[in-house]
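Visitor: There's a structure below that I have some questions on.
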Amino acid sequence: MTISHLAIVMPAFNEVEGIGGFIDEIRDAVAPLADRVSFHIADDRSTDATASAFDSVDDATVEVQPQNRGHGPTALAAYRAGLAADPAVLVHVDGDGQFLGSDFPRLISALLSEDADVVHGVRDGRTDPWYRKVLTGAVGLLIAVPAGRRIPDVNTPLRAYRPAALRALIEAIPADASVPHVHFSLAEARGGFVVRYVRVASIPRRGTSATGTMWGRGTRVALPPKRLRQFALSALGEAWQLSLRPAAPLRGVHRPESVSR
């Protein structure tokens, strides 16, 4: 099956060294699957040339955010930009290039062939610092109870969506949410979404720096331990407010009947 329009959306911050090559790699991998491929980058007020890196690239648009807000709000801005382009399929991935373009067709094929609303790319061989992997595991355990099952890689940023399913999630979440993919994973499990999982390779961040700059500007670690603790506490409070408490807005999300196959 050929997709009429495939949108690839990315949040990015200071990724000029690697993002161009990453997008070229993705384009080459998915071009046989779609009549049209478009790229939508939400730039989180980069201090390098990320925002201007695609000035002469016809299939890529960059929306510079009004202020630096961090990964979650920027990811949601990228999602919204992609949905506004009215694609048939939308794929989200972080702009730091920690995935292989060759895995994208597998993700998209699973969405189309396995009757799914969303497909998560479950990361193998993660090179993130140990404490980030521990945080992901702890969040996964926390979410497993209300979800009614264990969700592999609950916070993975590589996801393929059918637009109607994604809109149901986007409409329920505030634009400033810091961990949208955690909320999405839980809402999908509770709301009757058809979710599939594909194992994908996780590689080091592209560019000369080994750190993910959307998590901070340190040169030796991706997220300093103090900031990790602060972020974890903030994310826990957000999870309660948006997804876990009885009147949480994302508790009411259900798979829309309009999701097409």
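If you're wondering about the labels, chains in the structure tokens are A, B, ... by order shown, residues count from 1 in each chain, ligands from 1 in order shown.
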As a PDB file with C-alpha atoms, in the first residue's frame, please: every residue in region 91-237 of chain A that a backbone DSSP assignment puts in alpha helix (DSSP H).

Guide:
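Okay, selection18.pdb is ready:
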ATOM      1  CA  PHE A 104      11.162   3.648   9.713  1.00  0.00           C
ATOM      2  CA  PRO A 105       9.671   1.453   6.950  1.00  0.00           C
ATOM      3  CA  ARG A 106       9.241  -1.370   9.475  1.00  0.00           C
ATOM      4  CA  LEU A 107       7.343   0.952  11.815  1.00  0.00           C
ATOM      5  CA  ILE A 108       5.113   2.246   9.021  1.00  0.00           C
ATOM      6  CA  SER A 109       4.516  -1.231   7.575  1.00  0.00           C
ATOM      7  CA  ALA A 110       3.361  -2.445  10.997  1.00  0.00           C
ATOM      8  CA  LEU A 111       0.904   0.453  11.217  1.00  0.00           C
ATOM      9  CA  LEU A 112      -0.575  -0.364   7.820  1.00  0.00           C
ATOM     10  CA  SER A 113      -0.494  -4.158   7.869  1.00  0.00           C
ATOM     11  CA  TRP A 130      22.168   4.792  33.367  1.00  0.00           C
ATOM     12  CA  TYR A 131      19.975   7.135  35.369  1.00  0.00           C
ATOM     13  CA  ARG A 132      17.857   8.035  32.341  1.00  0.00           C
ATOM     14  CA  LYS A 133      17.278   4.340  31.646  1.00  0.00           C
ATOM     15  CA  VAL A 134      16.408   3.804  35.309  1.00  0.00           C
ATOM     16  CA  LEU A 135      13.918   6.683  35.129  1.00  0.00           C
ATOM     17  CA  THR A 136      12.269   5.187  32.041  1.00  0.00           C
ATOM     18  CA  GLY A 137      11.987   1.820  33.787  1.00  0.00           C
ATOM     19  CA  ALA A 138      10.517   3.360  36.936  1.00  0.00           C
ATOM     20  CA  VAL A 139       7.951   5.312  34.927  1.00  0.00           C
ATOM     21  CA  GLY A 140       7.063   2.120  33.069  1.00  0.00           C
ATOM     22  CA  LEU A 141       6.336   0.353  36.341  1.00  0.00           C
ATOM     23  CA  LEU A 142       4.256   3.287  37.585  1.00  0.00           C
ATOM     24  CA  ILE A 143       2.180   3.348  34.405  1.00  0.00           C
ATOM     25  CA  ALA A 144       1.723  -0.444  34.236  1.00  0.00           C
ATOM     26  CA  VAL A 145      -0.792  -0.509  37.096  1.00  0.00           C
ATOM     27  CA  PRO A 146      -3.354   1.986  35.711  1.00  0.00           C
ATOM     28  CA  ALA A 147      -2.706   0.755  32.158  1.00  0.00           C
ATOM     29  CA  PRO A 163      -3.967  11.070  12.330  1.00  0.00           C
ATOM     30  CA  ALA A 164      -7.453  10.513  13.785  1.00  0.00           C
ATOM     31  CA  ALA A 165      -5.982   8.551  16.694  1.00  0.00           C
ATOM     32  CA  LEU A 166      -3.313  11.184  17.302  1.00  0.00           C
ATOM     33  CA  ARG A 167      -5.832  14.041  17.260  1.00  0.00           C
ATOM     34  CA  ALA A 168      -7.802  12.411  20.058  1.00  0.00           C
ATOM     35  CA  LEU A 169      -4.650  12.466  22.191  1.00  0.00           C
ATOM     36  CA  ILE A 170      -3.468  15.940  21.166  1.00  0.00           C
ATOM     37  CA  PRO A 180       3.530  13.789  26.506  1.00  0.00           C
ATOM     38  CA  HIS A 181       4.605  10.332  25.379  1.00  0.00           C
ATOM     39  CA  VAL A 182       4.091   8.899  28.856  1.00  0.00           C
ATOM     40  CA  HIS A 183       0.560  10.324  28.860  1.00  0.00           C
ATOM     41  CA  PHE A 184      -0.064   9.024  25.334  1.00  0.00           C
ATOM     42  CA  SER A 185       1.113   5.505  26.210  1.00  0.00           C
ATOM     43  CA  LEU A 186      -1.234   5.326  29.189  1.00  0.00           C
ATOM     44  CA  ALA A 187      -4.207   6.852  27.350  1.00  0.00           C
ATOM     45  CA  GLU A 188      -3.732   4.459  24.434  1.00  0.00           C
ATOM     46  CA  ALA A 189      -3.751   1.444  26.753  1.00  0.00           C
ATOM     47  CA  ARG A 190      -6.817   2.583  28.689  1.00  0.00           C
ATOM     48  CA  PRO A 225      21.512  14.168  38.557  1.00  0.00           C
ATOM     49  CA  LYS A 226      20.086  17.212  40.380  1.00  0.00           C
ATOM     50  CA  ARG A 227      18.080  18.224  37.355  1.00  0.00           C
ATOM     51  CA  LEU A 228      17.005  14.621  36.876  1.00  0.00           C
ATOM     52  CA  ARG A 229      15.526  14.561  40.378  1.00  0.00           C
ATOM     53  CA  GLN A 230      13.760  17.848  39.804  1.00  0.00           C
ATOM     54  CA  PHE A 231      12.400  16.713  36.460  1.00  0.00           C
ATOM     55  CA  ALA A 232      11.242  13.359  37.869  1.00  0.00           C
ATOM     56  CA  LEU A 233       9.306  15.055  40.673  1.00  0.00           C
ATOM     57  CA  SER A 234       7.745  17.519  38.266  1.00  0.00           C
ATOM     58  CA  ALA A 235       6.805  14.725  35.830  1.00  0.00           C
ATOM     59  CA  LEU A 236       5.260  12.687  38.642  1.00  0.00           C
ATOM     60  CA  GLY A 237       3.061  15.613  39.617  1.00  0.00           C
TER      61      GLY A 237
END

Visitor: Give the strand (DSSP E or B) residues of region 75-229 of chain A, as assigned by DSSP on the backbone, as a PyMOL selection string.

Guide: chain A and resi 89-92+118-124+159-161+195-201

Visitor: Which residue gives the smallest distance to Asp59 (chain A) among A:Ala239, A:Ala78, A:Asp86, A:Ser38, with only C-alpha atoms counted?

Guide: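 Nearest to Asp59 (chain A): A:Ser38.
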
Visitor: What gap, in Å, lies between CA of Asp96 (chain A) and CA of Asp43 (chain A)?

Guide: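 Here the two named atoms are 11.9 Å from each other.
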
Visitor: In Å, how far is it from CA of Ser178 (chain A) to CA of His71 (chain A)?

Guide: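 Between CA of Ser178 (chain A) and CA of His71 (chain A) the gap is 6.9 Å.
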
Visitor: If we count only C-alpha atoms, what is near region 13-15 of chain A at a cut-off of 8 Å, once residues fewer than 4 positions away on the same chain are taken out, given as a list in words?

Guide: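 Contacts, with the query itself left out: Ile19, Asp43, Asp44, Arg45, Ser46, Thr47, Asp48, Ala49, Thr50, Gly95, Asp96, Gly207, Thr213 and Met214 of chain A.
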
Visitor: Keeping only N, CA and C atoms, take the residues you just selected and write them out as a JSON list (two decimals), in the first residue's frame.

Guide:
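Resulting contents of selection.json:
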[["chain", "number", "residue", "atom", "x", "y", "z"],
["A", 19, "ILE", "N", 21.18, 16.87, 12.12],
["A", 19, "ILE", "CA", 19.79, 16.73, 11.72],
["A", 19, "ILE", "C", 19.62, 16.64, 10.20],
["A", 43, "ASP", "N", 11.56, 23.96, 16.25],
["A", 43, "ASP", "CA", 12.86, 24.36, 16.81],
["A", 43, "ASP", "C", 12.66, 25.09, 18.12],
["A", 44, "ASP", "N", 13.30, 24.58, 19.18],
["A", 44, "ASP", "CA", 13.10, 25.11, 20.53],
["A", 44, "ASP", "C", 14.06, 26.26, 20.82],
["A", 45, "ARG", "N", 14.08, 27.26, 19.93],
["A", 45, "ARG", "CA", 14.94, 28.43, 20.07],
["A", 45, "ARG", "C", 16.42, 28.04, 20.11],
["A", 46, "SER", "N", 16.84, 27.26, 19.12],
["A", 46, "SER", "CA", 18.23, 26.83, 19.05],
["A", 46, "SER", "C", 19.17, 28.03, 19.03],
["A", 47, "THR", "N", 20.35, 27.84, 19.61],
["A", 47, "THR", "CA", 21.37, 28.89, 19.59],
["A", 47, "THR", "C", 22.40, 28.65, 18.49],
["A", 48, "ASP", "N", 22.23, 27.55, 17.74],
["A", 48, "ASP", "CA", 23.08, 27.32, 16.58],
["A", 48, "ASP", "C", 22.24, 27.56, 15.33],
["A", 49, "ALA", "N", 22.61, 26.97, 14.19],
["A", 49, "ALA", "CA", 21.93, 27.25, 12.92],
["A", 49, "ALA", "C", 20.86, 26.22, 12.57],
["A", 50, "THR", "N", 20.36, 25.49, 13.58],
["A", 50, "THR", "CA", 19.32, 24.49, 13.29],
["A", 50, "THR", "C", 18.13, 25.10, 12.56],
["A", 95, "GLY", "N", 14.86, 15.05, 17.01],
["A", 95, "GLY", "CA", 15.83, 15.55, 16.04],
["A", 95, "GLY", "C", 17.27, 15.20, 16.33],
["A", 96, "ASP", "N", 17.56, 14.55, 17.47],
["A", 96, "ASP", "CA", 18.95, 14.22, 17.79],
["A", 96, "ASP", "C", 19.46, 13.00, 17.02],
["A", 207, "GLY", "N", 26.19, 14.06, 15.61],
["A", 207, "GLY", "CA", 26.91, 15.30, 15.85],
["A", 207, "GLY", "C", 28.10, 15.05, 16.75],
["A", 213, "THR", "N", 20.87, 17.70, 23.67],
["A", 213, "THR", "CA", 20.84, 19.08, 24.12],
["A", 213, "THR", "C", 19.47, 19.55, 24.57],
["A", 214, "MET", "N", 18.39, 18.85, 24.21],
["A", 214, "MET", "CA", 17.09, 19.27, 24.70],
["A", 214, "MET", "C", 16.94, 19.02, 26.19]]

Visitor: Excluding Pro73 (chain A) and any residue of its chain fewer than 4 positions from it, enumerate the residues within 8 Å of it, using only C-alpha atoms, and give them as an NGL selection string.

Guide: :A and (69 or 77 or 175-178)

Visitor: Dump all heavy atoms for the selected residues as an mmCIF file, in the first residue's frame?

Guide:
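Output file part11.cif follows:
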data_model
loop_
_atom_site.group_PDB
_atom_site.id
_atom_site.type_symbol
_atom_site.label_atom_id
_atom_site.label_comp_id
_atom_site.auth_asym_id
_atom_site.auth_seq_id
_atom_site.Cartn_x
_atom_site.Cartn_y
_atom_site.Cartn_z
ATOM 1 N N ARG A 69 11.197 25.981 25.625
ATOM 2 C CA ARG A 69 10.272 25.365 26.577
ATOM 3 C C ARG A 69 10.631 23.934 26.940
ATOM 4 O O ARG A 69 9.971 23.326 27.779
ATOM 5 C CB ARG A 69 8.848 25.402 26.015
ATOM 6 C CG ARG A 69 8.307 26.797 25.781
ATOM 7 C CD ARG A 69 6.863 26.749 25.327
ATOM 8 N NE ARG A 69 6.722 26.085 24.037
ATOM 9 C CZ ARG A 69 5.552 25.709 23.516
ATOM 10 N NH1 ARG A 69 4.436 25.903 24.208
ATOM 11 N NH2 ARG A 69 5.500 25.124 22.332
ATOM 12 N N ALA A 77 4.321 20.694 19.777
ATOM 13 C CA ALA A 77 4.256 21.669 18.681
ATOM 14 C C ALA A 77 4.559 21.002 17.345
ATOM 15 O O ALA A 77 3.923 21.313 16.330
ATOM 16 C CB ALA A 77 5.236 22.813 18.945
ATOM 17 N N ALA A 175 -0.662 22.100 25.975
ATOM 18 C CA ALA A 175 0.470 22.346 25.087
ATOM 19 C C ALA A 175 1.799 22.399 25.823
ATOM 20 O O ALA A 175 2.858 22.277 25.204
ATOM 21 C CB ALA A 175 0.259 23.656 24.323
ATOM 22 N N ASP A 176 1.764 22.567 27.154
ATOM 23 C CA ASP A 176 3.012 22.683 27.918
ATOM 24 C C ASP A 176 3.358 21.400 28.676
ATOM 25 O O ASP A 176 4.230 21.401 29.553
ATOM 26 C CB ASP A 176 2.944 23.851 28.892
ATOM 27 C CG ASP A 176 1.825 23.705 29.931
ATOM 28 O OD1 ASP A 176 0.987 22.780 29.792
ATOM 29 O OD2 ASP A 176 1.784 24.524 30.871
ATOM 30 N N ALA A 177 2.724 20.271 28.354
ATOM 31 C CA ALA A 177 3.024 19.011 29.045
ATOM 32 C C ALA A 177 4.480 18.620 28.829
ATOM 33 O O ALA A 177 4.998 18.683 27.715
ATOM 34 C CB ALA A 177 2.101 17.905 28.542
ATOM 35 N N SER A 178 5.138 18.169 29.899
ATOM 36 C CA SER A 178 6.578 17.886 29.817
ATOM 37 C C SER A 178 6.880 16.458 29.391
ATOM 38 O O SER A 178 7.971 16.182 28.882
ATOM 39 C CB SER A 178 7.250 18.177 31.160
ATOM 40 O OG SER A 178 6.718 17.346 32.175
#

Visitor: Just the residues within 12 Å of Asp24 (chain A), please, counting only C-alpha atoms, with nothing from its chain fewer than 3 positions along; format it as a PyMOL selection string.

Guide: chain A and resi 8+18-21+27-31+37-39+54+57+59-60+97+100-102

Visitor: Write the residues you've just listed into a file as a short mmCIF file (atom, residue, chain, number, x, y, z; two decimals), in the first residue's frame, and include N, CA, C and O atoms for each of them.

Guide:
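After the write, again.cif holds the following:
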data_model
loop_
_atom_site.label_atom_id
_atom_site.label_comp_id
_atom_site.auth_asym_id
_atom_site.auth_seq_id
_atom_site.Cartn_x
_atom_site.Cartn_y
_atom_site.Cartn_z
N ILE A 8 6.70 13.49 8.67
CA ILE A 8 7.68 13.18 9.71
C ILE A 8 7.83 14.43 10.56
O ILE A 8 8.15 15.51 10.03
N GLY A 18 23.83 17.23 13.00
CA GLY A 18 23.37 15.92 12.59
C GLY A 18 22.01 15.83 11.95
O GLY A 18 21.69 14.85 11.29
N ILE A 19 21.18 16.87 12.12
CA ILE A 19 19.79 16.73 11.72
C ILE A 19 19.62 16.64 10.20
O ILE A 19 18.73 15.93 9.70
N GLY A 20 20.45 17.34 9.45
CA GLY A 20 20.33 17.29 7.99
C GLY A 20 20.58 15.90 7.45
O GLY A 20 19.81 15.38 6.63
N GLY A 21 21.65 15.28 7.90
CA GLY A 21 21.96 13.92 7.46
C GLY A 21 20.91 12.92 7.92
O GLY A 21 20.59 11.96 7.20
N ARG A 27 14.43 10.19 4.60
CA ARG A 27 13.79 10.40 3.30
C ARG A 27 14.10 9.25 2.35
O ARG A 27 13.22 8.73 1.67
N ASP A 28 15.37 8.86 2.28
CA ASP A 28 15.76 7.76 1.39
C ASP A 28 15.04 6.46 1.77
O ASP A 28 14.67 5.67 0.89
N ALA A 29 14.84 6.25 3.07
CA ALA A 29 14.25 4.99 3.53
C ALA A 29 12.75 4.93 3.26
O ALA A 29 12.21 3.86 2.94
N VAL A 30 12.06 6.06 3.41
CA VAL A 30 10.59 6.02 3.32
C VAL A 30 10.04 6.45 1.97
O VAL A 30 8.85 6.24 1.70
N ALA A 31 10.88 7.01 1.11
CA ALA A 31 10.39 7.49 -0.19
C ALA A 31 9.61 6.44 -0.98
O ALA A 31 8.59 6.77 -1.61
N VAL A 37 6.35 12.98 0.90
CA VAL A 37 6.92 12.97 2.25
C VAL A 37 7.22 14.41 2.64
O VAL A 37 7.83 15.16 1.87
N SER A 38 6.79 14.81 3.83
CA SER A 38 7.09 16.15 4.32
C SER A 38 7.68 16.07 5.72
O SER A 38 7.35 15.16 6.49
N PHE A 39 8.56 17.01 6.03
CA PHE A 39 9.22 17.07 7.33
C PHE A 39 8.83 18.36 8.04
O PHE A 39 8.86 19.44 7.44
N PHE A 54 17.32 24.30 6.91
CA PHE A 54 16.45 23.77 5.85
C PHE A 54 15.82 24.86 5.00
O PHE A 54 14.80 24.65 4.35
N VAL A 57 15.46 23.58 1.53
CA VAL A 57 14.96 22.20 1.40
C VAL A 57 13.45 22.25 1.22
O VAL A 57 12.72 22.67 2.11
N ASP A 59 11.00 20.05 1.01
CA ASP A 59 10.03 19.21 1.71
C ASP A 59 10.11 19.35 3.23
O ASP A 59 9.49 18.59 3.96
N ALA A 60 10.86 20.34 3.72
CA ALA A 60 11.01 20.54 5.17
C ALA A 60 10.62 21.96 5.56
O ALA A 60 10.99 22.93 4.89
N GLY A 97 18.58 12.35 16.26
CA GLY A 97 19.03 11.29 15.35
C GLY A 97 19.46 10.01 16.03
O GLY A 97 20.35 9.33 15.53
N LEU A 100 17.80 4.79 13.37
CA LEU A 100 18.25 4.53 12.02
C LEU A 100 17.09 4.72 11.05
O LEU A 100 15.97 4.24 11.29
N GLY A 101 17.35 5.41 9.95
CA GLY A 101 16.31 5.59 8.95
C GLY A 101 15.76 4.28 8.43
O GLY A 101 14.58 4.18 8.10
N SER A 102 16.59 3.25 8.40
CA SER A 102 16.16 1.95 7.88
C SER A 102 15.08 1.30 8.73
O SER A 102 14.40 0.37 8.26
#

Visitor: Here is a test: counting only C-alpha atoms, which residue of A:Arg126, A:Val62, A:Tyr161, A:Gly148 is nearest to Ala7 (chain A)?

Guide: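 Closest candidate: A:Tyr161.
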